[in-house]
Amino acid sequence: MDIVLGITTKDAVLIATSMAAVRGVSILKTDDDKTRIVAPHTLIAFTGEAGDTVQFAEYAQANIQLHGMRNEVELSTSAISSFIRSELANSLRSRKPYQVNLLVAGYDVTESMPKLYYVDYLAAKAEVPYTAHGYAAFYVSSLLDRWHRRDISMEEGIKIMNMCIAELRTRLPIDFKGIQVKAVDKDGIRTLDL
């Protein structure tokens, strides 16, 4: 039961992930980072089967960084999400498809705007203003529908994120061992203390 949430503001994307690595009813790790930095202005957050998530995230991270080194150019968030969708689609047609759901969050420096993409294990991709994966989506979708606007500031986005986290702590009967929140904006990627 991982939590992966994403919210766009007018100048950044906020990503929240749970810090507990859980298998069944056992907590295996309390400081798990379910994100990977794939480019200076792009972050992926992932959830799914334990082995698949880390393997796919590291595979995507390595290939995106290799492309950047070979061509001396940073891929856009849209291009990264397309690459990830393509790799999941190819995997889907193999004997061992990846069971990974992802959020691709980034700041497009050419357009000067934040971007958030929802990618699921069936290789469906959509650009969205806010989203969540897993059980979190059942509980926070109504809050995000009610309070999110395209022009919200970073402070308002953090307030909405706190409302979502409070709702999840109230409704879900598990201990997340903390929630890690990261922001992606024109200055890059940083961790926020909430």
# chains A, B, ... in the order shown; residues from 1 in each chain; ligands from 1
call {"tool": "select_by_dssp", "arguments": {"residues": "stretch 5-87 of chain A", "states": "alpha helix (DSSP H)", "output": "number ranges by chain"}}
result
A: 50-71, 77-87
call {"tool": "write_last_selection", "arguments": {"atoms": "N, CA and C atoms", "output": "compact mmCIF listing (two decimals), in the first residue's frame"}}
result
# COMPACT_ATOMS: atom_id res chain seq x y z
N ALA A 50 7.56 -4.84 -5.74
CA ALA A 50 8.83 -4.36 -5.16
C ALA A 50 10.02 -4.49 -6.11
N GLY A 51 10.27 -5.64 -6.66
CA GLY A 51 11.42 -5.81 -7.54
C GLY A 51 11.29 -5.04 -8.84
N ASP A 52 10.08 -5.06 -9.42
CA ASP A 52 9.85 -4.38 -10.69
C ASP A 52 10.06 -2.88 -10.59
N THR A 53 9.59 -2.29 -9.50
CA THR A 53 9.64 -0.83 -9.39
C THR A 53 11.07 -0.32 -9.40
N VAL A 54 11.91 -0.89 -8.56
CA VAL A 54 13.29 -0.42 -8.47
C VAL A 54 14.05 -0.73 -9.76
N GLN A 55 13.86 -1.93 -10.28
CA GLN A 55 14.56 -2.31 -11.51
C GLN A 55 14.16 -1.40 -12.67
N PHE A 56 12.86 -1.17 -12.85
CA PHE A 56 12.42 -0.33 -13.96
C PHE A 56 12.86 1.11 -13.76
N ALA A 57 12.75 1.63 -12.55
CA ALA A 57 13.14 3.02 -12.29
C ALA A 57 14.62 3.23 -12.57
N GLU A 58 15.46 2.30 -12.14
CA GLU A 58 16.90 2.43 -12.39
C GLU A 58 17.23 2.26 -13.87
N TYR A 59 16.51 1.36 -14.55
CA TYR A 59 16.68 1.19 -16.00
C TYR A 59 16.34 2.48 -16.74
N ALA A 60 15.20 3.06 -16.41
CA ALA A 60 14.78 4.31 -17.06
C ALA A 60 15.75 5.44 -16.75
N GLN A 61 16.15 5.54 -15.49
CA GLN A 61 17.09 6.59 -15.07
C GLN A 61 18.40 6.47 -15.85
N ALA A 62 18.95 5.28 -15.93
CA ALA A 62 20.23 5.08 -16.62
C ALA A 62 20.13 5.39 -18.11
N ASN A 63 19.06 4.95 -18.76
CA ASN A 63 18.92 5.19 -20.19
C ASN A 63 18.65 6.65 -20.52
N ILE A 64 17.89 7.33 -19.70
CA ILE A 64 17.63 8.76 -19.92
C ILE A 64 18.91 9.56 -19.71
N GLN A 65 19.67 9.23 -18.69
CA GLN A 65 20.94 9.93 -18.45
C GLN A 65 21.96 9.62 -19.54
N LEU A 66 21.98 8.38 -20.03
CA LEU A 66 22.87 8.01 -21.13
C LEU A 66 22.53 8.81 -22.38
N HIS A 67 21.24 8.95 -22.67
CA HIS A 67 20.83 9.75 -23.82
C HIS A 67 21.31 11.19 -23.68
N GLY A 68 21.18 11.73 -22.47
CA GLY A 68 21.63 13.10 -22.22
C GLY A 68 23.14 13.26 -22.42
N MET A 69 23.91 12.29 -21.97
CA MET A 69 25.37 12.36 -22.14
C MET A 69 25.78 12.21 -23.60
N ARG A 70 25.15 11.29 -24.31
CA ARG A 70 25.50 11.05 -25.72
C ARG A 70 25.16 12.25 -26.60
N ASN A 71 24.02 12.87 -26.34
CA ASN A 71 23.54 13.93 -27.22
C ASN A 71 23.73 15.33 -26.64
N THR A 77 10.32 16.81 -20.16
CA THR A 77 9.48 15.93 -19.36
C THR A 77 8.54 15.13 -20.26
N SER A 78 8.05 15.74 -21.31
CA SER A 78 7.18 15.04 -22.25
C SER A 78 7.92 13.89 -22.94
N ALA A 79 9.16 14.14 -23.37
CA ALA A 79 9.96 13.10 -24.03
C ALA A 79 10.27 11.96 -23.06
N ILE A 80 10.57 12.30 -21.82
CA ILE A 80 10.86 11.27 -20.81
C ILE A 80 9.62 10.41 -20.56
N SER A 81 8.47 11.05 -20.45
CA SER A 81 7.24 10.28 -20.21
C SER A 81 6.92 9.39 -21.42
N SER A 82 7.20 9.86 -22.61
CA SER A 82 6.99 9.04 -23.81
C SER A 82 7.93 7.85 -23.85
N PHE A 83 9.19 8.07 -23.47
CA PHE A 83 10.15 6.97 -23.40
C PHE A 83 9.69 5.92 -22.39
N ILE A 84 9.26 6.37 -21.23
CA ILE A 84 8.80 5.44 -20.18
C ILE A 84 7.56 4.68 -20.65
N ARG A 85 6.62 5.37 -21.27
CA ARG A 85 5.43 4.71 -21.79
C ARG A 85 5.79 3.67 -22.84
N SER A 86 6.72 4.01 -23.72
CA SER A 86 7.16 3.09 -24.76
C SER A 86 7.82 1.84 -24.17
N GLU A 87 8.66 2.02 -23.16
CA GLU A 87 9.32 0.88 -22.53
C GLU A 87 8.31 -0.02 -21.81
call {"tool": "residues_around", "arguments": {"residues": "A:Ala126", "least_positions_apart": "4", "cutoff": "7 Å", "atoms": "only C-alpha atoms", "output": "list in words"}}
result
Tyr117, Tyr118 and Val119 of chain A
call {"tool": "write_last_selection", "arguments": {"atoms": "N, CA and C atoms", "output": "PDB file, in the first residue's frame"}}
result
ATOM      1  N   TYR A 117       2.766  13.843 -15.540  1.00  0.00           N
ATOM      2  CA  TYR A 117       2.216  12.762 -16.360  1.00  0.00           C
ATOM      3  C   TYR A 117       1.902  11.560 -15.491  1.00  0.00           C
ATOM      4  N   TYR A 118       0.763  10.949 -15.772  1.00  0.00           N
ATOM      5  CA  TYR A 118       0.312   9.718 -15.134  1.00  0.00           C
ATOM      6  C   TYR A 118       0.615   8.588 -16.112  1.00  0.00           C
ATOM      7  N   VAL A 119       1.362   7.578 -15.673  1.00  0.00           N
ATOM      8  CA  VAL A 119       1.669   6.417 -16.507  1.00  0.00           C
ATOM      9  C   VAL A 119       1.369   5.184 -15.672  1.00  0.00           C
TER      10      VAL A 119
END
call {"tool": "closest_atom_pairs", "arguments": {"of": "stretch 111-149 of chain A", "to": "stretch 25-45 of chain A", "cutoff": "12 Å", "atoms": "only C-alpha atoms", "output": "tab-separated table"}}
result
residue	atom	partner	partner_atom	distance
A:Ser112	CA	A:His41	CA	11.3
A:Met113	CA	A:His41	CA	11.1
A:Pro114	CA	A:His41	CA	9.5
A:Lys115	CA	A:Thr42	CA	9.2
A:Leu116	CA	A:Thr42	CA	9.7
A:Tyr117	CA	A:Ile44	CA	9.4
A:Tyr118	CA	A:Ala45	CA	10.0
A:Val119	CA	A:Ile44	CA	10.2
A:Asp120	CA	A:Ala45	CA	11.5
A:Thr131	CA	A:Ala45	CA	11.7
A:Ala132	CA	A:Ala45	CA	10.5
A:His133	CA	A:Ala45	CA	9.9
call {"tool": "closest_residue", "arguments": {"among": "A:Asp175, A:Glu167, A:Asp2, A:Glu127", "to": "A:Ser142", "atoms": "only C-alpha atoms"}}
result
A:Glu167
call {"tool": "residues_around", "arguments": {"residues": "A:Ala183", "least_positions_apart": "4", "cutoff": "10 Å", "atoms": "only C-alpha atoms", "output": "PDB file with C-alpha atoms, in the first residue's frame"}}
result
ATOM      1  CA  GLY A   6       1.246  14.582  -7.588  1.00  0.00           C
ATOM      2  CA  ILE A   7      -0.030  18.173  -7.748  1.00  0.00           C
ATOM      3  CA  THR A   8       0.902  20.911 -10.214  1.00  0.00           C
ATOM      4  CA  ALA A  12       6.170  23.730  -9.744  1.00  0.00           C
ATOM      5  CA  VAL A  13       5.081  20.132  -9.332  1.00  0.00           C
ATOM      6  CA  LEU A  14       4.757  18.589  -5.867  1.00  0.00           C
ATOM      7  CA  ILE A  15       5.227  14.825  -5.450  1.00  0.00           C
ATOM      8  CA  ALA A  16       4.470  12.965  -2.198  1.00  0.00           C
ATOM      9  CA  HIS A  41      14.299  19.070 -13.980  1.00  0.00           C
ATOM     10  CA  LEU A  43      11.607  13.232 -11.323  1.00  0.00           C
ATOM     11  CA  ALA A 105       6.988  15.239 -12.763  1.00  0.00           C
ATOM     12  CA  GLY A 106       9.067  17.940 -14.341  1.00  0.00           C
ATOM     13  CA  TYR A 107       9.563  21.547 -15.198  1.00  0.00           C
ATOM     14  CA  MET A 154       3.387  26.748  -4.169  1.00  0.00           C
ATOM     15  CA  ILE A 158       1.541  22.547  -0.037  1.00  0.00           C
ATOM     16  CA  ASP A 187      15.596  25.665  -9.984  1.00  0.00           C
ATOM     17  CA  GLY A 188      15.576  21.863 -10.054  1.00  0.00           C
ATOM     18  CA  ILE A 189      14.436  19.230  -7.565  1.00  0.00           C
ATOM     19  CA  ARG A 190      14.377  19.618  -3.790  1.00  0.00           C
ATOM     20  CA  THR A 191      12.890  17.874  -0.776  1.00  0.00           C
ATOM     21  CA  LEU A 192      10.375  19.831   1.294  1.00  0.00           C
TER      22      LEU A 192
END
call {"tool": "select_by_dssp", "arguments": {"residues": "chain A", "states": "strand (DSSP E or B)", "output": "PDB file with C-alpha atoms, in the first residue's frame"}}
result
ATOM      1  CA  VAL A   4       2.135   8.346  -4.652  1.00  0.00           C
ATOM      2  CA  LEU A   5       0.526  11.794  -5.136  1.00  0.00           C
ATOM      3  CA  GLY A   6       1.246  14.582  -7.588  1.00  0.00           C
ATOM      4  CA  ILE A   7      -0.030  18.173  -7.748  1.00  0.00           C
ATOM      5  CA  THR A   8       0.902  20.911 -10.214  1.00  0.00           C
ATOM      6  CA  ALA A  12       6.170  23.730  -9.744  1.00  0.00           C
ATOM      7  CA  VAL A  13       5.081  20.132  -9.332  1.00  0.00           C
ATOM      8  CA  LEU A  14       4.757  18.589  -5.867  1.00  0.00           C
ATOM      9  CA  ILE A  15       5.227  14.825  -5.450  1.00  0.00           C
ATOM     10  CA  ALA A  16       4.470  12.965  -2.198  1.00  0.00           C
ATOM     11  CA  THR A  17       5.402   9.334  -1.533  1.00  0.00           C
ATOM     12  CA  SER A  18       5.138   7.113   1.525  1.00  0.00           C
ATOM     13  CA  ALA A  21       8.449  -0.419   2.123  1.00  0.00           C
ATOM     14  CA  VAL A  22       5.716  -2.954   2.853  1.00  0.00           C
ATOM     15  CA  ARG A  23       5.279  -6.583   1.857  1.00  0.00           C
ATOM     16  CA  SER A  26       5.317  -6.615   7.241  1.00  0.00           C
ATOM     17  CA  ILE A  27       7.168  -3.321   7.120  1.00  0.00           C
ATOM     18  CA  LEU A  28      10.560  -4.028   5.551  1.00  0.00           C
ATOM     19  CA  LYS A  29      12.027  -0.528   5.484  1.00  0.00           C
ATOM     20  CA  THR A  35      11.463   8.529  -6.492  1.00  0.00           C
ATOM     21  CA  ARG A  36      14.370   8.796  -8.912  1.00  0.00           C
ATOM     22  CA  ILE A  37      15.866  11.912 -10.453  1.00  0.00           C
ATOM     23  CA  VAL A  38      16.130  11.170 -14.182  1.00  0.00           C
ATOM     24  CA  ALA A  39      17.108  14.648 -15.410  1.00  0.00           C
ATOM     25  CA  THR A  42      12.502  15.711 -14.046  1.00  0.00           C
ATOM     26  CA  LEU A  43      11.607  13.232 -11.323  1.00  0.00           C
ATOM     27  CA  ILE A  44       9.777   9.917 -11.479  1.00  0.00           C
ATOM     28  CA  ALA A  45       7.758   8.481  -8.588  1.00  0.00           C
ATOM     29  CA  PHE A  46       6.811   4.828  -8.730  1.00  0.00           C
ATOM     30  CA  THR A  47       4.701   2.170  -7.069  1.00  0.00           C
ATOM     31  CA  GLY A  48       3.965  -1.482  -7.777  1.00  0.00           C
ATOM     32  CA  VAL A 100       4.931  -0.461 -12.274  1.00  0.00           C
ATOM     33  CA  ASN A 101       2.771   2.666 -12.018  1.00  0.00           C
ATOM     34  CA  LEU A 102       4.577   5.987 -12.309  1.00  0.00           C
ATOM     35  CA  LEU A 103       4.205   9.720 -12.059  1.00  0.00           C
ATOM     36  CA  VAL A 104       6.585  11.749 -14.204  1.00  0.00           C
ATOM     37  CA  ALA A 105       6.988  15.239 -12.763  1.00  0.00           C
ATOM     38  CA  GLY A 106       9.067  17.940 -14.341  1.00  0.00           C
ATOM     39  CA  TYR A 107       9.563  21.547 -15.198  1.00  0.00           C
ATOM     40  CA  ASP A 108       9.772  22.306 -18.913  1.00  0.00           C
ATOM     41  CA  MET A 113       5.808  25.533 -17.040  1.00  0.00           C
ATOM     42  CA  PRO A 114       5.452  22.474 -14.813  1.00  0.00           C
ATOM     43  CA  LYS A 115       4.278  19.156 -16.253  1.00  0.00           C
ATOM     44  CA  LEU A 116       2.848  16.058 -14.568  1.00  0.00           C
ATOM     45  CA  TYR A 117       2.216  12.762 -16.360  1.00  0.00           C
ATOM     46  CA  TYR A 118       0.312   9.718 -15.134  1.00  0.00           C
ATOM     47  CA  VAL A 119       1.669   6.417 -16.507  1.00  0.00           C
ATOM     48  CA  LYS A 125      -0.140   7.924 -20.337  1.00  0.00           C
ATOM     49  CA  ALA A 126      -1.895  11.226 -19.717  1.00  0.00           C
ATOM     50  CA  GLU A 127      -0.821  14.737 -18.811  1.00  0.00           C
ATOM     51  CA  TYR A 130      -3.051  16.297 -10.260  1.00  0.00           C
ATOM     52  CA  THR A 131      -3.190  12.576  -9.689  1.00  0.00           C
ATOM     53  CA  ALA A 132      -2.554   9.678  -7.336  1.00  0.00           C
ATOM     54  CA  HIS A 133      -1.764   5.991  -7.660  1.00  0.00           C
ATOM     55  CA  ILE A 179       5.607  11.055   3.791  1.00  0.00           C
ATOM     56  CA  GLN A 180       8.393  12.449   1.631  1.00  0.00           C
ATOM     57  CA  VAL A 181       7.459  15.499  -0.449  1.00  0.00           C
ATOM     58  CA  LYS A 182       9.588  16.770  -3.321  1.00  0.00           C
ATOM     59  CA  ALA A 183       9.177  19.856  -5.485  1.00  0.00           C
ATOM     60  CA  VAL A 184      10.272  20.219  -9.104  1.00  0.00           C
ATOM     61  CA  ASP A 185      10.564  23.773 -10.390  1.00  0.00           C
ATOM     62  CA  GLY A 188      15.576  21.863 -10.054  1.00  0.00           C
ATOM     63  CA  ILE A 189      14.436  19.230  -7.565  1.00  0.00           C
ATOM     64  CA  ARG A 190      14.377  19.618  -3.790  1.00  0.00           C
ATOM     65  CA  THR A 191      12.890  17.874  -0.776  1.00  0.00           C
ATOM     66  CA  LEU A 192      10.375  19.831   1.294  1.00  0.00           C
TER      67      LEU A 192
END
call {"tool": "atom_distance", "arguments": {"atom1": "atom CA of A:Lys186", "atom2": "atom CA of A:Val109"}}
result
6.7 Å
call {"tool": "closest_residue", "arguments": {"among": "A:Leu194, A:Ile165, A:Ala20, A:Leu88", "to": "A:Lys177", "atoms": "only C-alpha atoms"}}
result
A:Ala20
call {"tool": "atom_distance", "arguments": {"atom1": "atom CA of A:Thr9", "atom2": "atom CA of A:Ala136"}}
result
19.7 Å
call {"tool": "atom_distance", "arguments": {"atom1": "atom CA of A:Arg150", "atom2": "atom CA of A:Ala166"}}
result
22.3 Å
